>>> print(open('work35.txt').read())   # compact mmCIF, C-alpha atoms and all ligand atoms
# COMPACT_ATOMS: atom_id res chain seq x y z
CA MET A 53 -8.69 -24.14 -5.38
CA GLY A 54 -8.09 -20.47 -4.51
CA PHE A 55 -10.42 -17.51 -4.69
CA LEU A 56 -8.15 -15.68 -7.19
CA LYS A 57 -7.81 -18.63 -9.57
CA GLY A 58 -7.15 -17.42 -13.11
CA ARG A 59 -7.16 -13.74 -12.11
CA ARG A 60 -4.37 -11.76 -13.78
CA ILE A 61 -3.00 -9.08 -11.46
CA LEU A 62 -0.20 -6.51 -11.92
CA ILE A 63 1.78 -5.63 -8.80
CA VAL A 64 3.60 -2.28 -8.74
CA GLY A 65 5.89 -1.55 -5.77
CA VAL A 66 8.05 -4.56 -4.95
CA ALA A 67 11.55 -3.43 -3.92
CA ASN A 68 12.71 -6.51 -1.96
CA LYS A 69 11.45 -9.45 0.12
CA ASN A 70 10.39 -7.13 2.97
CA SER A 71 8.11 -5.01 0.76
CA ILE A 72 4.40 -4.98 1.56
CA ALA A 73 3.94 -5.74 -2.16
CA ALA A 74 5.96 -8.97 -1.68
CA GLY A 75 3.53 -10.07 1.05
CA ILE A 76 0.67 -9.26 -1.30
CA ALA A 77 2.29 -11.32 -4.06
CA GLU A 78 2.73 -14.31 -1.72
CA ALA A 79 -0.90 -14.17 -0.56
CA MET A 80 -2.30 -13.72 -4.08
CA HIS A 81 -0.14 -16.53 -5.49
CA ALA A 82 -1.42 -18.82 -2.72
CA GLN A 83 -4.98 -18.09 -3.92
CA GLY A 84 -4.19 -19.01 -7.53
CA ALA A 85 -3.62 -15.57 -9.09
CA GLU A 86 -1.41 -15.10 -12.16
CA LEU A 87 0.93 -12.21 -11.38
CA ALA A 88 3.05 -9.66 -13.24
CA PHE A 89 5.39 -7.15 -11.64
CA SER A 90 6.98 -3.81 -12.33
CA SER A 91 10.33 -2.67 -10.98
CA GLN A 92 11.18 1.00 -10.44
CA ASN A 93 14.52 0.57 -12.24
CA ASP A 94 17.31 -1.86 -13.18
CA ARG A 95 18.91 -1.52 -9.75
CA LEU A 96 15.92 -3.23 -8.09
CA LYS A 97 15.06 -5.57 -10.99
CA GLY A 98 17.06 -8.61 -9.77
CA ARG A 99 15.26 -8.59 -6.43
CA VAL A 100 11.87 -8.06 -8.08
CA GLU A 101 12.60 -11.05 -10.34
CA GLN A 102 13.28 -13.22 -7.26
CA ILE A 103 9.92 -12.25 -5.74
CA ALA A 104 8.22 -12.86 -9.10
CA GLU A 105 9.79 -16.31 -9.43
CA ALA A 106 8.71 -17.27 -5.90
CA ALA A 107 5.18 -16.29 -6.95
CA GLY A 108 5.36 -18.41 -10.11
CA SER A 109 5.85 -15.45 -12.48
CA GLN A 110 8.42 -14.58 -15.13
CA LEU A 111 6.75 -11.29 -15.96
CA VAL A 112 8.80 -8.28 -14.79
CA HIS A 113 9.03 -4.92 -16.54
CA ASN A 114 10.65 -1.64 -15.48
CA CYS A 115 8.45 1.35 -14.75
CA ASP A 116 9.25 4.62 -13.01
CA VAL A 117 5.75 5.90 -12.22
CA ALA A 118 6.96 9.51 -12.49
CA SER A 119 6.89 9.01 -16.27
CA ASP A 120 3.71 8.74 -18.37
CA ALA A 121 5.80 7.23 -21.16
CA GLU A 122 7.08 4.45 -18.87
CA ILE A 123 3.55 3.78 -17.58
CA ASP A 124 2.27 3.53 -21.17
CA ALA A 125 5.17 1.23 -22.07
CA LEU A 126 4.42 -0.99 -19.03
CA LEU A 127 0.76 -1.37 -20.01
CA SER A 128 1.45 -2.00 -23.68
CA TRP A 129 4.00 -4.66 -22.72
CA LEU A 130 1.48 -6.23 -20.31
CA THR A 131 -1.40 -6.24 -22.80
CA GLY A 132 0.99 -8.07 -25.15
CA GLN A 133 1.22 -10.82 -22.49
CA TRP A 134 -2.39 -10.79 -21.26
CA ASP A 135 -5.60 -9.99 -23.18
CA GLN A 136 -7.25 -8.59 -20.05
CA ILE A 137 -6.18 -7.34 -16.62
CA ASP A 138 -8.19 -8.39 -13.53
CA GLY A 139 -6.34 -6.33 -10.96
CA ILE A 140 -3.68 -3.72 -10.27
CA VAL A 141 -1.92 -3.32 -6.92
CA HIS A 142 -0.28 0.08 -6.37
CA ALA A 143 2.17 -0.05 -3.43
CA VAL A 144 4.29 3.00 -4.18
CA GLY A 145 5.10 6.01 -2.04
CA PHE A 146 7.83 8.61 -2.06
CA ALA A 147 8.60 12.06 -0.70
CA PRO A 148 12.02 13.77 -0.69
CA GLY A 149 13.83 13.07 2.59
CA ASN A 150 13.53 16.63 3.92
CA GLU A 151 9.72 16.35 3.80
CA LEU A 152 9.74 13.44 6.29
CA SER A 153 11.32 14.85 9.42
CA GLY A 154 11.10 17.68 11.88
CA ASP A 155 8.64 20.54 11.96
CA TYR A 156 6.07 20.25 9.16
CA ILE A 157 5.76 23.94 8.29
CA ASP A 158 9.49 24.62 8.41
CA GLY A 159 10.48 21.46 6.49
CA THR A 160 8.00 21.46 3.63
CA THR A 161 8.66 22.96 0.20
CA ARG A 162 6.62 23.57 -2.96
CA GLU A 163 8.81 21.12 -4.87
CA GLY A 164 8.68 18.44 -2.16
CA PHE A 165 4.91 18.75 -1.99
CA ALA A 166 4.65 18.32 -5.77
CA ILE A 167 6.95 15.28 -5.90
CA ALA A 168 5.23 13.53 -2.96
CA HIS A 169 1.79 13.99 -4.50
CA ASP A 170 2.97 13.05 -7.99
CA ILE A 171 4.67 9.77 -7.00
CA SER A 172 2.43 8.76 -4.09
CA ALA A 173 -1.02 9.81 -5.33
CA TYR A 174 -1.17 10.83 -9.00
CA SER A 175 0.63 7.65 -10.10
CA PHE A 176 -2.37 5.57 -8.99
CA VAL A 177 -4.81 7.26 -11.38
CA ALA A 178 -2.09 7.41 -14.04
CA LEU A 179 -1.93 3.59 -13.96
CA ALA A 180 -5.74 3.38 -14.10
CA LYS A 181 -5.84 5.73 -17.10
CA ALA A 182 -3.31 3.65 -19.01
CA ALA A 183 -4.90 0.31 -18.05
CA ARG A 184 -8.58 1.29 -18.39
CA GLY A 185 -9.16 -0.19 -21.84
CA ALA A 186 -7.63 -3.52 -20.79
CA LEU A 187 -9.46 -3.95 -17.47
CA SER A 188 -11.92 -6.83 -17.26
CA ASP A 189 -15.51 -6.17 -16.12
CA GLU A 190 -14.76 -7.41 -12.62
CA ALA A 191 -11.30 -5.88 -12.25
CA ALA A 192 -10.18 -4.54 -8.89
CA LEU A 193 -7.65 -1.78 -8.22
CA LEU A 194 -5.93 -1.49 -4.85
CA THR A 195 -3.57 1.03 -3.26
CA MET A 196 -1.73 1.26 0.07
CA THR A 197 -2.20 4.09 2.55
CA TYR A 198 -1.36 5.03 6.16
CA HIS A 199 -3.28 6.58 9.06
CA GLY A 200 -1.08 9.71 8.88
CA SER A 201 -3.61 10.81 6.22
CA THR A 202 -6.41 11.51 8.70
CA GLN A 203 -4.46 12.22 11.89
CA SER A 204 -1.10 14.00 12.19
CA ALA A 205 1.89 11.86 13.14
CA PRO A 206 5.39 13.17 13.95
CA ASN A 207 7.67 13.29 10.86
CA TYR A 208 5.16 11.76 8.42
CA ASN A 209 4.44 15.33 7.36
CA THR A 210 4.00 15.80 3.59
CA MET A 211 3.37 12.05 3.07
CA GLY A 212 0.25 12.47 5.23
CA LEU A 213 -1.11 15.02 2.77
CA ALA A 214 -0.27 12.81 -0.20
CA LYS A 215 -2.05 9.84 1.47
CA ALA A 216 -5.11 12.05 2.13
CA SER A 217 -5.17 12.84 -1.60
CA LEU A 218 -4.71 9.16 -2.43
CA GLU A 219 -7.64 8.16 -0.20
CA ALA A 220 -9.90 10.77 -1.79
CA MET A 221 -8.74 9.46 -5.16
CA VAL A 222 -9.91 5.95 -4.22
CA ARG A 223 -13.45 7.34 -3.82
CA TYR A 224 -13.34 9.31 -7.10
CA MET A 225 -11.87 6.38 -9.03
CA ALA A 226 -14.54 4.10 -7.52
CA ALA A 227 -17.21 6.50 -8.79
CA SER A 228 -15.55 6.67 -12.21
CA LEU A 229 -15.16 2.91 -12.73
CA GLY A 230 -18.16 1.65 -10.75
CA PRO A 231 -20.70 1.99 -13.58
CA THR A 232 -18.61 -0.45 -15.66
CA GLY A 233 -18.20 -2.86 -12.73
CA GLN A 234 -14.60 -2.33 -11.66
CA ARG A 235 -13.79 -1.68 -8.00
CA VAL A 236 -11.21 0.55 -6.31
CA ASN A 237 -10.10 0.24 -2.67
CA ALA A 238 -7.21 0.98 -0.31
CA ILE A 239 -5.64 -0.80 2.63
CA SER A 240 -4.40 1.38 5.47
CA ALA A 241 -1.58 -0.66 6.97
CA GLY A 242 -0.04 -0.20 10.39
CA PRO A 243 3.71 0.52 10.51
CA ILE A 244 5.97 -2.23 9.07
CA ARG A 245 9.76 -2.25 8.79
CA THR A 246 10.36 -2.05 5.02
CA LEU A 247 12.87 -0.25 2.78
CA ALA A 248 10.57 2.82 2.80
CA ALA A 249 10.62 2.76 6.60
CA SER A 250 14.38 2.23 6.95
CA GLY A 251 16.12 5.49 7.67
CA VAL A 252 12.93 6.95 9.15
CA LYS A 253 14.01 8.50 12.46
CA ASP A 254 12.65 6.75 15.59
CA PHE A 255 10.82 4.04 13.57
CA ARG A 256 11.51 1.57 16.42
CA LYS A 257 9.68 3.84 18.83
CA LEU A 258 6.80 4.12 16.39
CA LEU A 259 6.53 0.31 16.18
CA GLY A 260 6.60 0.06 19.98
CA HIS A 261 3.90 2.72 20.34
CA ALA A 262 1.74 0.97 17.73
CA SER A 263 2.00 -2.39 19.55
CA ALA A 264 1.29 -0.85 22.95
CA ARG A 265 -1.91 0.87 21.81
CA ALA A 266 -3.28 -1.72 19.36
CA PRO A 267 -5.97 -4.03 20.75
CA LEU A 268 -3.98 -7.01 19.43
CA ARG A 269 -0.82 -5.65 21.22
CA ARG A 270 1.40 -6.20 18.18
CA THR A 271 2.17 -4.84 14.72
CA VAL A 272 1.11 -6.45 11.43
CA SER A 273 3.13 -8.33 8.80
CA PRO A 274 3.27 -7.82 5.02
CA LEU A 275 1.57 -11.22 4.63
CA GLU A 276 -1.38 -10.12 6.81
CA VAL A 277 -1.75 -7.08 4.56
CA GLY A 278 -1.46 -9.49 1.63
CA HIS A 279 -4.34 -11.62 2.88
CA ALA A 280 -6.61 -8.55 3.02
CA ALA A 281 -5.35 -7.47 -0.41
CA ALA A 282 -6.15 -10.89 -1.89
CA PHE A 283 -9.66 -10.65 -0.45
CA LEU A 284 -10.27 -7.11 -1.77
CA CYS A 285 -9.11 -8.05 -5.29
CA SER A 286 -11.25 -11.21 -5.32
CA PRO A 287 -14.91 -11.91 -6.04
CA LEU A 288 -15.39 -12.31 -2.26
CA ALA A 289 -15.28 -8.49 -2.11
CA SER A 290 -17.63 -7.93 -5.07
CA GLY A 291 -19.78 -5.53 -3.03
CA ILE A 292 -16.91 -3.39 -1.72
CA THR A 293 -15.59 -0.30 -3.52
CA GLY A 294 -14.35 3.17 -2.54
CA GLU A 295 -13.34 1.72 0.83
CA ILE A 296 -10.30 2.21 3.08
CA LEU A 297 -9.75 -1.05 5.01
CA TYR A 298 -7.48 -0.80 8.06
CA VAL A 299 -5.04 -3.68 8.62
CA ASP A 300 -3.34 -2.34 11.73
CA ALA A 301 -4.09 -4.76 14.61
CA GLY A 302 -6.89 -2.34 15.56
CA PHE A 303 -4.62 0.62 16.37
CA ASN A 304 -6.86 3.23 14.73
CA THR A 305 -9.87 2.12 16.80
CA ALA A 306 -8.29 2.78 20.19
CA ALA A 307 -7.74 6.28 21.62
CA MET A 308 -5.45 4.76 24.25
CA SER A 309 -4.76 1.44 25.93
CA ALA A 310 -4.44 0.28 29.50
CA ASP A 311 -0.91 -0.94 28.69
CA GLU A 312 0.41 2.39 27.48
CA MET A 313 -1.21 4.10 30.51
CA GLY A 314 0.38 1.57 32.88
CA ILE A 315 -2.91 0.55 34.50
CA GLU A 316 -4.66 -2.77 35.09
CA PRO A 317 -7.66 -3.04 32.75
CA GLU A 318 -9.91 -4.91 35.20
CA SER A 319 -8.63 -3.68 38.57
CA GLU A 320 -11.96 -2.15 39.65
CA SER A 321 -14.11 -5.14 38.81
CA ARG A 322 -11.93 -7.46 40.87
CA ASP A 323 -12.37 -7.98 44.56
CA SER A 324 -9.07 -6.69 45.87
CA SER A 325 -8.41 -3.24 47.42
P1 LIG A 401 8.97 -0.46 -0.04
O1 LIG A 401 10.15 0.45 -0.01
O2 LIG A 401 9.24 -1.90 0.00
O3 LIG A 401 8.05 -0.13 -1.29
C1 LIG A 401 7.92 1.16 -1.83
C2 LIG A 401 7.99 0.99 -3.32
O4 LIG A 401 7.76 2.22 -4.00
C3 LIG A 401 9.36 0.47 -3.79
O5 LIG A 401 9.18 -0.72 -4.48
C4 LIG A 401 9.86 1.57 -4.71
O6 LIG A 401 10.60 1.05 -5.79
C5 LIG A 401 8.54 2.15 -5.16
N1 LIG A 401 8.70 3.48 -5.78
C6 LIG A 401 9.06 4.64 -5.18
N2 LIG A 401 9.15 5.61 -6.11
C7 LIG A 401 8.84 5.04 -7.31
C8 LIG A 401 8.77 5.51 -8.65
N3 LIG A 401 9.05 6.79 -8.97
N4 LIG A 401 8.40 4.64 -9.62
C9 LIG A 401 8.11 3.36 -9.33
N5 LIG A 401 8.16 2.85 -8.07
C10 LIG A 401 8.52 3.69 -7.09
O7 LIG A 401 8.05 0.01 1.20
P2 LIG A 401 6.57 -0.41 1.63
O8 LIG A 401 6.49 -0.01 3.06
O9 LIG A 401 6.28 -1.80 1.22
O10 LIG A 401 5.67 0.61 0.79
C11 LIG A 401 4.60 0.21 -0.05
C12 LIG A 401 3.40 1.09 0.16
O11 LIG A 401 2.87 0.85 1.46
C13 LIG A 401 3.66 2.60 0.10
O12 LIG A 401 2.59 3.23 -0.54
C14 LIG A 401 3.69 2.99 1.56
O13 LIG A 401 3.34 4.35 1.73
C15 LIG A 401 2.61 2.08 2.08
N6 LIG A 401 2.58 1.88 3.54
C16 LIG A 401 3.71 1.48 4.21
C17 LIG A 401 3.66 1.30 5.58
C18 LIG A 401 4.90 0.91 6.36
O14 LIG A 401 4.94 1.14 7.58
N7 LIG A 401 5.89 0.30 5.75
C19 LIG A 401 2.46 1.50 6.28
C20 LIG A 401 1.33 1.88 5.56
C21 LIG A 401 1.41 2.07 4.19
O1 LIG A 402 4.46 5.69 3.64
C1 LIG A 402 5.37 5.37 4.37
C2 LIG A 402 6.79 5.74 4.02
C3 LIG A 402 6.91 6.26 2.64
C4 LIG A 402 8.22 6.97 2.34
C5 LIG A 402 9.44 6.67 2.93
C6 LIG A 402 10.59 7.36 2.55
C7 LIG A 402 11.93 7.13 3.20
C8 LIG A 402 13.07 7.51 2.27
C9 LIG A 402 8.16 7.97 1.41
N1 LIG A 402 9.26 8.67 1.03
C10 LIG A 402 10.46 8.38 1.57
N2 LIG A 402 11.55 9.09 1.16
C11 LIG A 402 12.81 8.77 1.50
O2 LIG A 402 13.77 9.49 1.13
N3 LIG A 402 5.09 4.74 5.55
C12 LIG A 402 3.71 4.57 5.93
C13 LIG A 402 6.13 4.26 6.49
C14 LIG A 402 6.40 5.38 7.43
O3 LIG A 402 7.27 6.36 7.13
C15 LIG A 402 7.24 7.27 8.17
C16 LIG A 402 6.34 6.85 9.15
C17 LIG A 402 5.79 5.63 8.68
C18 LIG A 402 4.76 4.80 9.36
C19 LIG A 402 7.94 8.46 8.31
C20 LIG A 402 7.76 9.21 9.46
C21 LIG A 402 6.85 8.80 10.44
C22 LIG A 402 6.14 7.61 10.30
>>> encode(input="work35.txt", output="structure tokens", more="lines below")
Ligand code: NAD
Ligand code: 0WE
Amino acid sequence: MGFLKGRRILIVGVANKNSIAAGIAEAMHAQGAELAFSSQNDRLKGRVEQIAEAAGSQLVHNCDVASDAEIDALLSWLTGQWDQIDGIVHAVGFAPGNELSGDYIDGTTREGFAIAHDISAYSFVALAKAARGALSDEAALLTMTYHGSTQSAPNYNTMGLAKASLEAMVRYMAASLGPTGQRVNAISAGPIRTLAASGVKDFRKLLGHASARAPLRRTVSPLEVGHAAAFLCSPLASGITGEILYVDAGFNTAAMSADEMGIEPESESRDSS
């Protein structure tokens, strides 16, 4: 029962029930995974514990991924609970507020660039470094990215650069760990209303635009991302590494849609005129 049965997976990046990481936890739990969680700080810990409990886990430990010492402490705590780790989910992103609005060139700063790349990209390899000795032969690492990495999007700005770095890192980490069997992938999710998206200017418009262009004419849910995450961290994906898998209702595959252009898709082929 369950294609993740007995797999022990650490999830980093739950803030509340709306988090993409909470959808991943639900999907992985449904496939029989044993889960552990980290919380950025004590302020979020109560909510992380609720998500953990719903996923059958009592294992929650604080970790601010800006700190190597806290990452080391997280992994030494976890290896005290588990002899081996079969997966790590990294669902963390942050840039200072001023980096996420308005004109890119005018709004960006050296410090904002450094923080965005440190928290959103470097932290993924930092976790891999600390966990490497405890990873099982078939372990899978997974991170979360967004299409603003390969195409510019209004206001995403410095986060787009950090996601480009993160996606390149997936390929380099796959090359690094591949010879010992472990896999590294990313999911590029379409826009979802989460804590990280709250306060983003015009996010409603972004969601509407995404639904209008996407072949499926809708946005995606954290649980749909979770289903893909469960697959990628399971033996079903044993031949997949270094990959960026889009879970975006097809948005990235369409340059435009008939709906957003206000035309009838099949008007010419029909006998009307
Ligand atoms: P969220 O706010 O629920 O999750 C973001 C998480 O990052 C939070 O749990 C927060 O505690 C954590 N975090 C931030 N700084 C941290 C630090 N210094 N140390 C430890 N944890 C830290 O939002 P989400 O949308 O679920 O984001 C999860 C991931 O998904 C992010 O990488 C985000 O870029 C990515 N993503 C989100 C969307 C979207 O539209 N929501 C789309 C594509 C990708
Ligand atoms: O990666 C993200 C958002 C990540 C994020 C969000 C915040 C808001 C609060 C990183 N840092 C911060 N810093 C804060 O102070 N997404 C993919 C969601 C998102 O955010 C956008 C988007 C999309 C999509 C911002 C602008 C435009 C599009």
>>> closest_atom_pairs(input="work35.txt", of="stretch 57-151 of chain A", to="stretch 236-250 of chain A", cutoff="8 Å", atoms="all atoms listed in the file", output="tab-separated table")
residue	atom	partner	partner_atom	distance
A:Ala67	CA	A:Leu247	CA	7.5
A:Asn68	CA	A:Leu247	CA	7.9
A:Asn70	CA	A:Thr246	CA	5.5
A:Ser71	CA	A:Thr246	CA	5.7
A:Ile72	CA	A:Thr246	CA	7.5
A:Gly145	CA	A:Ala248	CA	8.0
>>> residues_near_point(input="work35.txt", point="(10.9, -2.7, -6.7)", cutoff="12 Å", atoms="all atoms listed in the file", output="number ranges by chain")
A: 63-74, 89-104, 112-117, 142-145, 246-248
>>> axis_aligned_box(input="work35.txt", around="ligand LIG 402 (chain A)", padding_each_side="8 Å", output="AutoDock Vina command-line options")
--center_x 8.7 --center_y 6.9 --center_z 5.7 --size_x 26.1 --size_y 21.2 --size_z 25.4
>>> residues_near_point(input="work35.txt", point="(-6.0, 16.1, 9.4)", cutoff="9 Å", atoms="all atoms listed in the file", output="number ranges by chain")
A: 200-204, 212-213, 216
>>> closest_residue(input="work35.txt", among="A:Ala220, A:Met313, A:Ala262, A:Ala282", to="ligand LIG 401 (chain A)", atoms="all atoms listed in the file")
A:Ala262
>>> closest_residue(input="work35.txt", among="A:Gly154, A:Pro206, A:Pro287, A:Gly58", to="ligand LIG 402 (chain A)", atoms="only C-alpha atoms and all ligand atoms")
A:Pro206
>>> decode(input="work35.txt", residues="stretch 67-82 of chain A", atoms="N, CA, C and O atoms", output="short mmCIF file (atom, residue, chain, number, x, y, z; two decimals), in the first residue's frame")
data_model
loop_
_atom_site.label_atom_id
_atom_site.label_comp_id
_atom_site.auth_asym_id
_atom_site.auth_seq_id
_atom_site.Cartn_x
_atom_site.Cartn_y
_atom_site.Cartn_z
N ALA A 67 4.74 26.55 6.46
CA ALA A 67 4.43 27.71 7.31
C ALA A 67 3.04 27.56 7.91
O ALA A 67 2.81 27.87 9.07
N ASN A 68 2.08 27.09 7.08
CA ASN A 68 0.70 26.90 7.54
C ASN A 68 0.01 25.91 6.61
O ASN A 68 0.64 25.33 5.72
N LYS A 69 -1.34 25.76 6.78
CA LYS A 69 -2.04 24.73 6.00
C LYS A 69 -2.10 25.04 4.51
O LYS A 69 -2.35 24.15 3.70
N ASN A 70 -1.88 26.31 4.14
CA ASN A 70 -1.91 26.69 2.72
C ASN A 70 -0.58 26.48 2.01
O ASN A 70 -0.50 26.61 0.78
N SER A 71 0.48 26.20 2.76
CA SER A 71 1.81 26.04 2.16
C SER A 71 1.82 24.92 1.13
O SER A 71 1.19 23.87 1.32
N ILE A 72 2.61 25.12 0.06
CA ILE A 72 2.82 24.04 -0.89
C ILE A 72 3.39 22.82 -0.17
O ILE A 72 2.98 21.69 -0.43
N ALA A 73 4.28 23.06 0.80
CA ALA A 73 4.88 21.96 1.56
C ALA A 73 3.83 21.16 2.34
O ALA A 73 4.01 19.96 2.59
N ALA A 74 2.72 21.80 2.72
CA ALA A 74 1.64 21.08 3.42
C ALA A 74 0.92 20.15 2.45
O ALA A 74 0.54 19.02 2.82
N GLY A 75 0.74 20.59 1.20
CA GLY A 75 0.16 19.72 0.17
C GLY A 75 1.07 18.54 -0.13
O GLY A 75 0.61 17.41 -0.36
N ILE A 76 2.37 18.80 -0.11
CA ILE A 76 3.35 17.73 -0.34
C ILE A 76 3.29 16.72 0.80
O ILE A 76 3.29 15.50 0.58
N ALA A 77 3.18 17.22 2.03
CA ALA A 77 3.10 16.34 3.20
C ALA A 77 1.86 15.45 3.11
O ALA A 77 1.94 14.23 3.35
N GLU A 78 0.73 16.05 2.75
CA GLU A 78 -0.52 15.27 2.64
C GLU A 78 -0.38 14.16 1.60
O GLU A 78 -0.76 13.01 1.85
N ALA A 79 0.17 14.51 0.44
CA ALA A 79 0.30 13.52 -0.64
C ALA A 79 1.29 12.42 -0.27
O ALA A 79 1.06 11.24 -0.56
N MET A 80 2.39 12.79 0.37
CA MET A 80 3.41 11.79 0.73
C MET A 80 2.90 10.88 1.84
O MET A 80 3.14 9.66 1.82
N HIS A 81 2.18 11.46 2.80
CA HIS A 81 1.59 10.66 3.88
C HIS A 81 0.62 9.64 3.30
O HIS A 81 0.61 8.46 3.69
N ALA A 82 -0.18 10.06 2.33
CA ALA A 82 -1.16 9.17 1.70
C ALA A 82 -0.48 7.99 1.00
O ALA A 82 -1.10 6.94 0.82
#
